[in-house]
Amino acid sequence: GYTFTSWDAHATSAVLGATNVFALYEPLKTVTYTVEFVRDDGRFIGDAFHAVVKEGDSVQQTIDAPEIEGYHPIEETAVPGFSLARSGDGGTVTLNIPGATSDATYRVSYVPNEDTRYYVDHYTETLTGGWTLESSEPMEGPTGSIVRPVAKKIDGFTLKTSLVDITDRVASNGSTRVRLEYSRNKYSAYLDVGTMGSLPAGQENPIRLRFGEAIPNYFPSASRNGYIFDGWSVEDGLTTMPDRDILVTAKWKLDDADYLVVVWSEEPNVDPVT
């Protein structure tokens, strides 16, 4: 805690006998250089680094900046003699001070990476009411921020999940997964019986079917005077419901009809006047 300054002045005088020679000291003057590592929320990362050197001495020191997943270090305030070299989510701090003069603190702050990975999983409704993964898309955002998923356009489906209600945050390790659900759409099958045909009373028309659902072969019978109903013809020969409305046309064939032929003949001996 002390540094030598000189010998007692009596030591340089003529020695006339036994003499005590005293070394003179003064309190050691030191300079402290501190390096702190701080999260973006103000919490310290580990213990601060301290370099205590004698005033006037030079300082050359390299300190490893810790790696924090999903964050990277930045120089909070420039301090002469200190420098930061980033490497991935960490880096190194170098002290290069030719002559220590006064205490100084160098703070390294860690801020969120802007490109932390997360995933958006798109699930579509099955015909049985369950859900199946249609696709998974990687996205990027700042660590700790609320995710911003983007809905897809999927033919035959409509987004069910409310995007504004999603509050998931981007995990620093890239593990966040956001689930978006898409309901299966329904479309109309219009039953066309022609101008003279009719459907049973109370029959729904059009009939609503879900996308991808098998088009039934049990559409109701229709009726038309003078014709026999001969089934239905589905537009374009479709067997499953497309992502649009379709037309189903009734087929007819002429009905058999009984008729009477009357033949008249004239008798020659009949007086036409009487």
# chains A, B, ... in the order shown; residues from 1 in each chain; ligands from 1
$ residues_around --residues "range 177-188 of chain A" --least-positions-apart "2" --cutoff "7 Å" --atoms "only C-alpha atoms" --output "ChimeraX atom specification"
/A:118-125,156-161,175,190,206-211,243-246
$ select_by_dssp --residues "range 34-237 of chain A" --states "strand (DSSP E)" --output "count of residues only"
97
$ closest_residue --among "A:Phe37, A:Tyr227, A:Trp264, A:Phe44" --to "Gly91 in chain A" --atoms "only C-alpha atoms"
A:Phe37
$ closest_residue --among "A:Ser83, A:Thr143, A:Thr128, A:Thr34" --to "Phe49 in chain A" --atoms "only C-alpha atoms"
A:Thr34
$ residues_around --residues "Gly99 in chain A" --least-positions-apart "4" --cutoff "7 Å" --atoms "only C-alpha atoms" --output "list in words"
Gly56, Asp57 and Ser58 of chain A
$ residues_around --residues "Ser221 in chain A" --least-positions-apart "2" --cutoff "10 Å" --atoms "only C-alpha atoms" --output "ChimeraX atom specification"
/A:193,198-200,218-219,223,229-232,250
$ write_last_selection --atoms "N, CA and C atoms" --output "JSON list (two decimals), in the first residue's frame"
[["chain", "number", "residue", "atom", "x", "y", "z"],
["A", 193, "VAL", "N", -82.95, -28.02, -61.59],
["A", 193, "VAL", "CA", -83.94, -28.96, -62.10],
["A", 193, "VAL", "C", -84.65, -28.43, -63.35],
["A", 198, "SER", "N", -89.08, -29.71, -60.20],
["A", 198, "SER", "CA", -89.23, -29.28, -58.81],
["A", 198, "SER", "C", -88.54, -30.27, -57.89],
["A", 199, "LEU", "N", -88.13, -29.75, -56.74],
["A", 199, "LEU", "CA", -87.51, -30.56, -55.70],
["A", 199, "LEU", "C", -88.55, -30.87, -54.63],
["A", 200, "PRO", "N", -88.33, -31.87, -53.80],
["A", 200, "PRO", "CA", -89.27, -32.15, -52.71],
["A", 200, "PRO", "C", -89.45, -30.93, -51.82],
["A", 218, "TYR", "N", -76.30, -39.10, -53.38],
["A", 218, "TYR", "CA", -77.65, -39.28, -52.83],
["A", 218, "TYR", "C", -78.41, -37.96, -52.78],
["A", 219, "PHE", "N", -78.15, -37.08, -53.75],
["A", 219, "PHE", "CA", -78.97, -35.87, -53.84],
["A", 219, "PHE", "C", -80.43, -36.30, -54.00],
["A", 223, "SER", "N", -88.77, -34.00, -59.69],
["A", 223, "SER", "CA", -89.94, -34.42, -60.48],
["A", 223, "SER", "C", -90.22, -33.38, -61.55],
["A", 229, "PHE", "N", -87.19, -38.79, -63.72],
["A", 229, "PHE", "CA", -85.90, -38.30, -63.17],
["A", 229, "PHE", "C", -84.85, -39.38, -63.38],
["A", 230, "ASP", "N", -83.68, -38.96, -63.91],
["A", 230, "ASP", "CA", -82.64, -39.93, -64.26],
["A", 230, "ASP", "C", -81.30, -39.60, -63.58],
["A", 231, "GLY", "N", -81.38, -39.01, -62.38],
["A", 231, "GLY", "CA", -80.17, -38.73, -61.61],
["A", 231, "GLY", "C", -79.63, -37.32, -61.83],
["A", 232, "TRP", "N", -78.41, -37.13, -61.35],
["A", 232, "TRP", "CA", -77.80, -35.80, -61.38],
["A", 232, "TRP", "C", -76.49, -35.85, -62.15],
["A", 250, "ALA", "N", -80.09, -31.74, -62.98],
["A", 250, "ALA", "CA", -80.95, -32.93, -63.04],
["A", 250, "ALA", "C", -80.98, -33.47, -64.47]]
$ closest_residue --among "A:Val263, A:Leu254, A:Ile215, A:Ala222" --to "Leu238 in chain A" --atoms "only C-alpha atoms"
A:Ile215
$ select_by_dssp --residues "range 39-244 of chain A" --states "helix (DSSP H, G or I)" --output "JSON list (two decimals) with N, CA and C atoms, in the first residue's frame"
[["chain", "number", "residue", "atom", "x", "y", "z"],
["A", 163, "LEU", "N", -54.73, -12.96, -35.20],
["A", 163, "LEU", "CA", -53.33, -12.54, -35.13],
["A", 163, "LEU", "C", -53.10, -11.51, -34.03],
["A", 164, "VAL", "N", -54.09, -10.65, -33.78],
["A", 164, "VAL", "CA", -53.91, -9.59, -32.78],
["A", 164, "VAL", "C", -53.87, -10.13, -31.37],
["A", 165, "ASP", "N", -54.34, -11.36, -31.17],
["A", 165, "ASP", "CA", -54.36, -11.94, -29.82],
["A", 165, "ASP", "C", -53.09, -12.73, -29.51],
["A", 235, "GLU", "N", -71.11, -30.88, -62.24],
["A", 235, "GLU", "CA", -70.28, -30.03, -63.09],
["A", 235, "GLU", "C", -68.87, -30.58, -63.22],
["A", 236, "ASP", "N", -68.41, -30.67, -64.46],
["A", 236, "ASP", "CA", -67.04, -31.11, -64.78],
["A", 236, "ASP", "C", -66.71, -32.50, -64.27],
["A", 237, "GLY", "N", -67.73, -33.29, -63.92],
["A", 237, "GLY", "CA", -67.47, -34.64, -63.43],
["A", 237, "GLY", "C", -66.76, -34.69, -62.09]]
$ atom_distance --atom1 "CA of Ala78 in chain A" --atom2 "CA of Ile45 in chain A"
19.5 Å
$ residues_around --residues "Glu76 in chain A" --least-positions-apart "6" --cutoff "12 Å" --atoms "only C-alpha atoms" --output "NGL selection string"
:A and (35-40 or 82-84 or 105-111)
